[in-house]
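**Student:** Could you have a look at this structure, given as structure tokens, before my questions?
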4 protein chains.
Amino acid sequence: MSKIKNIAVLTSGGDAPGMNAAIRAVVRTGIYYNLNVFGVRRGYDGLVNGDIFSMDAKSVANIIQRGGTILKTARSADFRTIEGRQRAYDNIKANNIDGLVVIGGDGTFTGATKFIEEFDIPIVGLPGTIDNDLAGTDFTIGYDTAINTVIDAVDKIRDTAESHDRLFVIEVMGRDSGLIALRSGISTGAEAVLIPEIAVDYDAIMTRLDKTRKNKASRIIIVAEGDKEGGLVVAEKIQKQFPHYDVRVSILGHIQRGGKPSCMDRVLASRLGVAAVEGLIEGRRGEMAGLIHSQVHFTPFNKAIKHIDSINQNLLRIVEILSL
Amino acid sequence: MSKIKNIAVLTSGGDAPGMNAAIRAVVRTGIYYNLNVFGVRRGYDGLVNGDIFSMDAKSVANIIQRGGTILKTARSADFRTIEGRQRAYDNIKANNIDGLVVIGGDGTFTGATKFIEEFDIPIVGLPGTIDNDLAGTDFTIGYDTAINTVIDAVDKIRDTAESHDRLFVIEVMGRDSGLIALRSGISTGAEAVLIPEIAVDYDAIMTRLDKTRKNKASRIIIVAEGDKEGGLVVAEKIQKQFPHYDVRVSILGHIQRGGKPSCMDRVLASRLGVAAVEGLIEGRRGEMAGLIHSQVHFTPFNKAIKHIDSINQNLLRIVEILSL
Amino acid sequence: MSKIKNIAVLTSGGDAPGMNAAIRAVVRTGIYYNLNVFGVRRGYDGLVNGDIFSMDAKSVANIIQRGGTILKTARSADFRTIEGRQRAYDNIKANNIDGLVVIGGDGTFTGATKFIEEFDIPIVGLPGTIDNDLAGTDFTIGYDTAINTVIDAVDKIRDTAESHDRLFVIEVMGRDSGLIALRSGISTGAEAVLIPEIAVDYDAIMTRLDKTRKNKASRIIIVAEGDKEGGLVVAEKIQKQFPHYDVRVSILGHIQRGGKPSCMDRVLASRLGVAAVEGLIEGRRGEMAGLIHSQVHFTPFNKAIKHIDSINQNLLRIVEILSL
Amino acid sequence: MSKIKNIAVLTSGGDAPGMNAAIRAVVRTGIYYNLNVFGVRRGYDGLVNGDIFSMDAKSVANIIQRGGTILKTARSADFRTIEGRQRAYDNIKANNIDGLVVIGGDGTFTGATKFIEEFDIPIVGLPGTIDNDLAGTDFTIGYDTAINTVIDAVDKIRDTAESHDRLFVIEVMGRDSGLIALRSGISTGAEAVLIPEIAVDYDAIMTRLDKTRKNKASRIIIVAEGDKEGGLVVAEKIQKQFPHYDVRVSILGHIQRGGKPSCMDRVLASRLGVAAVEGLIEGRRGEMAGLIHSQVHFTPFNKAIKHIDSINQNLLRIVEILSL
């Protein structure tokens, strides 16, 4: 293994709180190990177009607490073509970059895998997505912050729900995964949580809503974006079943991606940023750095993206018990 | 004027942050002046149905910081009938209530006006609505908190907007009024603010968006709920004009009603709660207590509800100047 | 009056949330009127040392929501000497600056007054201080945010106070002024507020604490920094009087200066930033732009700094009534 | 094992955010399994004095998001005497309580251990403390929220630090443990973290401060409460070494205990509350329920309180690398 001298870092896919903390960690760790560090703007697009610039310790000062990503992010159509990837590789060579850290989700790692197969470039990945849908890490960077944003919003909505004796159906992010919905459902004392992984048992929900009526100051139902029917239809069904209820819908939307990262996401991003650079130095490539029970682990990209959504059945059980 | 001995308080219409602070102030001021204080649940409905209960200083402990209203609120169909109002009056008499404080918006005061015309009951009102659409007070209780919630949400969305170079159209509350939109537009550095009071000049907006493109890290357009077309249509128009933009829409919805009241709303609610009870004691009836340039003023209900939406043209000018 | 072409902006004295929103407004308004705009770093020190740089619309992008000041601030010893002011003037001349906006408090305006007397330089001021201790404006930039930070902290402390049946003495900022203490006292339902403007009546406080004991879930006493004795001594006195109480002290300190500006501070800063530049263009000098009952007013520096602390006696009365 | 019919729950020791979520989970799980559930006020004091009351599903409605503990907490002198514990036992018998859930820290479990030795009462514990100083669980209830409160405060202080080019020494909670300091140090990009577990190397700190001066927009040093010297002395030492620095101290204090629990603390408290009741039903006693790598584990009290503070050396290393 030849010694690494120049590394680059980029963020790709949907932005997630904590990406800046991860960028900061990558840059400073690189400098700590006397590497030159480059930033790439707008994900793989920046590689393709040569939007690459030198970074120093100061360029990441005062960003650990900021949402979004200072490197910006994008989904690159060009990088999906062989011509695009060739240009990306040429730009990497032109800058003598011999190690690349990509921060993103499964699309990011799928692209990286293809890139590595075709060209000789060491890439280490960091799990940066609010969806927590990657294998090889207990949590992805951004997941904890996103749920805290959800529960903050639901706490506000509950004030209104309680004052008006309303039932709120609240749709949260998670196109393929019910993880955000499930944890935020427990955290907000939801009556029910509807997630794509589990077929909805409307009879059970209706029975429970009926039974718990007198115990509840407000009624909240959390629906994952990826639910077959979506928040609006769920609300209609409940309204039809209980005409005397005052049912309202709220779709939380893009607020879930932004905001200051939580402590957990900052620590996770900082630890993994250090690990990624140390991994590159050790000669790793094609692997994602993750944290499993507080220990750093590396997982090949092809395994990391094969996340089987293992919904913790116990959490569903807890929603049911506590929605009494 | 016979001396008042028993007063009651209710909240009516949409809930607003600070209503609890107002209830607390009414209850404690009543006790301070040796009155008996009753709470009425669910607005005028509680009067009609006799859902009236005795309150003491402790029943309002630790609520000044809570969103929503512990007395709950509702829109009462019964109270719109003469039979309903007769029953409300009978319940008032049965409890020897000789003064009533109603906290709400124009619907609340319209109801109160009718009630006073028909029955002999002293009522003083407090402006409790996020819409700030009442004459006789600079600000209504809940308005400042609602805008702070809006700007907190937009700050989060801006993280995403900036990371992805997106333009966000954000719809905020205000069915008849653009006040929330206008102040939150200035506070978030919006490119444009679309409000029901002013005809939209799409050409001007498009020109400005084009001109300021290079100066802006993100682009935000705030649309009031009461805009003729609404956020979705506005977004479509802009997308059509600028196909290269990545336009997204976010409708903030019910989070705008909840949450801890801001300092301004707590102080306003506390001052007006004291004023309302002192007003009743002084023999006022059919008037709303408001704060104008930090001084308490009383305004007859029929004038308070005739709020002419006087959009401060200077604020619109400021949006334009600063969206460079 | 010769036409103004080049203006500069600086922040001076203690930092306050909203200063960045004010800087942004000054820069963009300058550009709107086709002026060249310069930033000066670290207050008057930057003038003395020539730390002056050109700003464009983009240099103030995405700062409206940030606490602190991107121009940094300092108290300048050099500027208090005639030699220092001469160098400052020379640097102003060297950059052809013919208008200066200074954002700060009474020290800032005192310096500006002296500078104007000696040299021919048009200066307009903006009230940027959390203390709200300037005449000529209802509120200073930063005041509303600071109080919201205080009440957020007290809300947290109240959780503990209530769980442990404790009495908390909480010291808030305000060396010469009790305004922050008074408004935060009302907003947090404090038992008592101790401020430098009013002699403390310990007997009254002790009597009230004794009387209200059974009504209160928690007991909070707010003490302004400028109180003759300070939070620690106040706590000791109360503990001595009520040995069975569990009395604790919390000095909130520097958190009160930071954080995202509130809506009110952002709107205030934006409006006054526009006004300052338009004031310079109109030929104003030696005046502070302020907002009185939502209208822009200009006040000569020597009057603005002669703020007589007119504590609203009505607010003190409200603390007493509501602490039942 | 005789079947359990009546359980009680209490909170003891310092309050922690998430205690209410845990109480809610215990009460509702008890009802789910058809048990009668009692609440005990003010920790063991309530047992000694018979302050015991019946709870239903509604008594824990709308508390999951509240800081503090609705059952209040205290340190009981009486319970440390054999007479006190006898009275506690008598009250338990008088109410036919055959299972007890105690939520607190090591003092709580030490008391419970003694109580079990002397009397025949099944007790299961839940780790409720911000200090994270218990074995048998990855995290204690309240720890994550407390650190998020710390980083929110430090983010505010950083605004001021950066504006004034100041160095802030910030003291955080942790009498015996540096865990809060360490995680908040990483999360806030601190220059150094001083914790009781590790001897302070002032030379190394001073060297680093000197070296990193030009890279840093602000300088933060986090000191754990349990540090031998404390924040004030640390600040003096640094000021002496670097007379040109503007060094300030902030002691965060009691705000760290309060506030809305974070998502992590709500999920943790909910899961452990369910586990505690199911543990009692299964016949467990003298054990604490904890979560290790997301799985419920039970640990005997005597082992849970023998937490050896195993500071993750890797985290210290990360502070150093990233403080470049």
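Residue numbering restarts at 1 in every chain; chains get A, B, ... in the order shown in the structure tokens, and ligands count up from 1 in that same order.
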For the structure I just gave you, how does DSSP split segment 213-279 of chain C - specifically, which residues are alpha helix (DSSP H)? Reply as an NGL selection string.

**Tutor:** :C and (230-241 or 263-279)

**Student:** How would the residues just chosen look if you wrote them out with C-alpha atoms as a PDB file, in the first residue's frame?

**Tutor:**
ATOM      1  CA  GLY C 230     -26.733  40.051  44.122  1.00  0.00           C
ATOM      2  CA  GLY C 231     -28.273  36.615  43.865  1.00  0.00           C
ATOM      3  CA  LEU C 232     -26.031  34.840  46.352  1.00  0.00           C
ATOM      4  CA  VAL C 233     -26.742  37.219  49.222  1.00  0.00           C
ATOM      5  CA  VAL C 234     -30.450  37.318  48.453  1.00  0.00           C
ATOM      6  CA  ALA C 235     -30.529  33.523  48.603  1.00  0.00           C
ATOM      7  CA  GLU C 236     -28.745  33.506  51.944  1.00  0.00           C
ATOM      8  CA  LYS C 237     -31.209  35.974  53.446  1.00  0.00           C
ATOM      9  CA  ILE C 238     -34.190  33.946  52.339  1.00  0.00           C
ATOM     10  CA  GLN C 239     -32.633  30.718  53.539  1.00  0.00           C
ATOM     11  CA  LYS C 240     -32.000  32.295  56.929  1.00  0.00           C
ATOM     12  CA  GLN C 241     -35.591  33.485  57.189  1.00  0.00           C
ATOM     13  CA  CYS C 263     -38.754  37.493  15.251  1.00  0.00           C
ATOM     14  CA  MET C 264     -39.093  40.825  17.007  1.00  0.00           C
ATOM     15  CA  ASP C 265     -35.346  41.438  16.986  1.00  0.00           C
ATOM     16  CA  ARG C 266     -35.005  40.415  13.353  1.00  0.00           C
ATOM     17  CA  VAL C 267     -37.792  42.740  12.230  1.00  0.00           C
ATOM     18  CA  LEU C 268     -36.477  45.563  14.410  1.00  0.00           C
ATOM     19  CA  ALA C 269     -32.922  45.131  13.130  1.00  0.00           C
ATOM     20  CA  SER C 270     -34.064  44.915   9.512  1.00  0.00           C
ATOM     21  CA  ARG C 271     -36.213  48.030   9.723  1.00  0.00           C
ATOM     22  CA  LEU C 272     -33.583  50.068  11.524  1.00  0.00           C
ATOM     23  CA  GLY C 273     -30.830  48.922   9.173  1.00  0.00           C
ATOM     24  CA  VAL C 274     -32.821  50.269   6.244  1.00  0.00           C
ATOM     25  CA  ALA C 275     -33.575  53.456   8.178  1.00  0.00           C
ATOM     26  CA  ALA C 276     -29.928  54.065   9.062  1.00  0.00           C
ATOM     27  CA  VAL C 277     -28.773  54.018   5.461  1.00  0.00           C
ATOM     28  CA  GLU C 278     -31.692  56.111   4.279  1.00  0.00           C
ATOM     29  CA  GLY C 279     -30.913  58.499   7.146  1.00  0.00           C
TER      30      GLY C 279
END

**Student:** Output the contact residues of chain C with respect to chain B at a cut-off of 6 Å, based on only C-alpha atoms, as a list in words.

**Tutor:**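 The answer, sorted by residue number, is Arg28, Ala57, Lys58, Asn148, Ser187, Asn215, Cys263, Arg266, Val267, His293 and Leu322 of chain C.
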
**Student:** Run DSSP on the backbone and give me the residues of segment 117-246 of chain D it puts in strand (DSSP E), as a list in words.

**Tutor:**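 Secondary structure check on segment 117-246 of chain D, strand (DSSP E): Ile123, Val124, Gly125, Leu126, Pro127, Arg166, Leu167, Phe168, Val169, Ile170, Glu171, Val172, Ala192, Val193, Leu194, Arg219, Ile220, Ile221, Ile222, Val223, Ala224 and Asp246 of chain D.
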
**Student:** Next, the residues of the selection above should be written as an mmCIF file, in the first residue's frame with C-alpha atoms.

**Tutor:**
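This went into selection.cif:
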data_model
loop_
_atom_site.group_PDB
_atom_site.id
_atom_site.type_symbol
_atom_site.label_atom_id
_atom_site.label_comp_id
_atom_site.auth_asym_id
_atom_site.auth_seq_id
_atom_site.Cartn_x
_atom_site.Cartn_y
_atom_site.Cartn_z
ATOM 1 C CA ILE D 123 -38.367 -3.908 44.111
ATOM 2 C CA VAL D 124 -37.247 -3.297 40.545
ATOM 3 C CA GLY D 125 -35.222 -0.182 39.714
ATOM 4 C CA LEU D 126 -34.963 2.134 36.712
ATOM 5 C CA PRO D 127 -31.836 4.200 36.023
ATOM 6 C CA ARG D 166 -12.920 35.189 23.851
ATOM 7 C CA LEU D 167 -11.949 31.930 25.492
ATOM 8 C CA PHE D 168 -14.724 30.463 27.610
ATOM 9 C CA VAL D 169 -14.255 27.978 30.417
ATOM 10 C CA ILE D 170 -17.617 26.257 30.878
ATOM 11 C CA GLU D 171 -18.369 24.094 33.897
ATOM 12 C CA VAL D 172 -20.914 21.321 33.397
ATOM 13 C CA ALA D 192 -9.999 20.648 25.904
ATOM 14 C CA VAL D 193 -12.125 18.685 28.355
ATOM 15 C CA LEU D 194 -11.158 18.447 32.032
ATOM 16 C CA ARG D 219 -12.164 28.767 22.120
ATOM 17 C CA ILE D 220 -14.189 26.600 24.509
ATOM 18 C CA ILE D 221 -12.887 24.535 27.407
ATOM 19 C CA ILE D 222 -15.322 22.204 29.155
ATOM 20 C CA VAL D 223 -14.698 21.404 32.813
ATOM 21 C CA ALA D 224 -16.629 18.764 34.747
ATOM 22 C CA ASP D 246 -10.016 37.496 27.150
#

**Student:** Just to confirm, what's the straight-line distance from atom CA of Phe301 of chain A to atom CA of Gly50 of chain A in Å (one decimal)?

**Tutor:**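 Separating atom CA of Phe301 of chain A from atom CA of Gly50 of chain A is a distance of 24.6 Å.
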
**Student:** Need to verify the contact set: Met288 of chain B, 12 Å, only C-alpha atoms, exclusion of same-chain residues closer than 2 positions in sequence. Can you return it as number ranges by chain?

**Tutor:** B: 100-106, 108-110, 112-113, 122-128, 134-137, 140, 272-273, 275-277, 279-280, 284-286, 290-291, 296-305

**Student:** One decimal, Å: what's the distance from atom CA of His244 of chain C over to atom CA of Gln256 of chain D, could you say?

**Tutor:** 24.8 Å
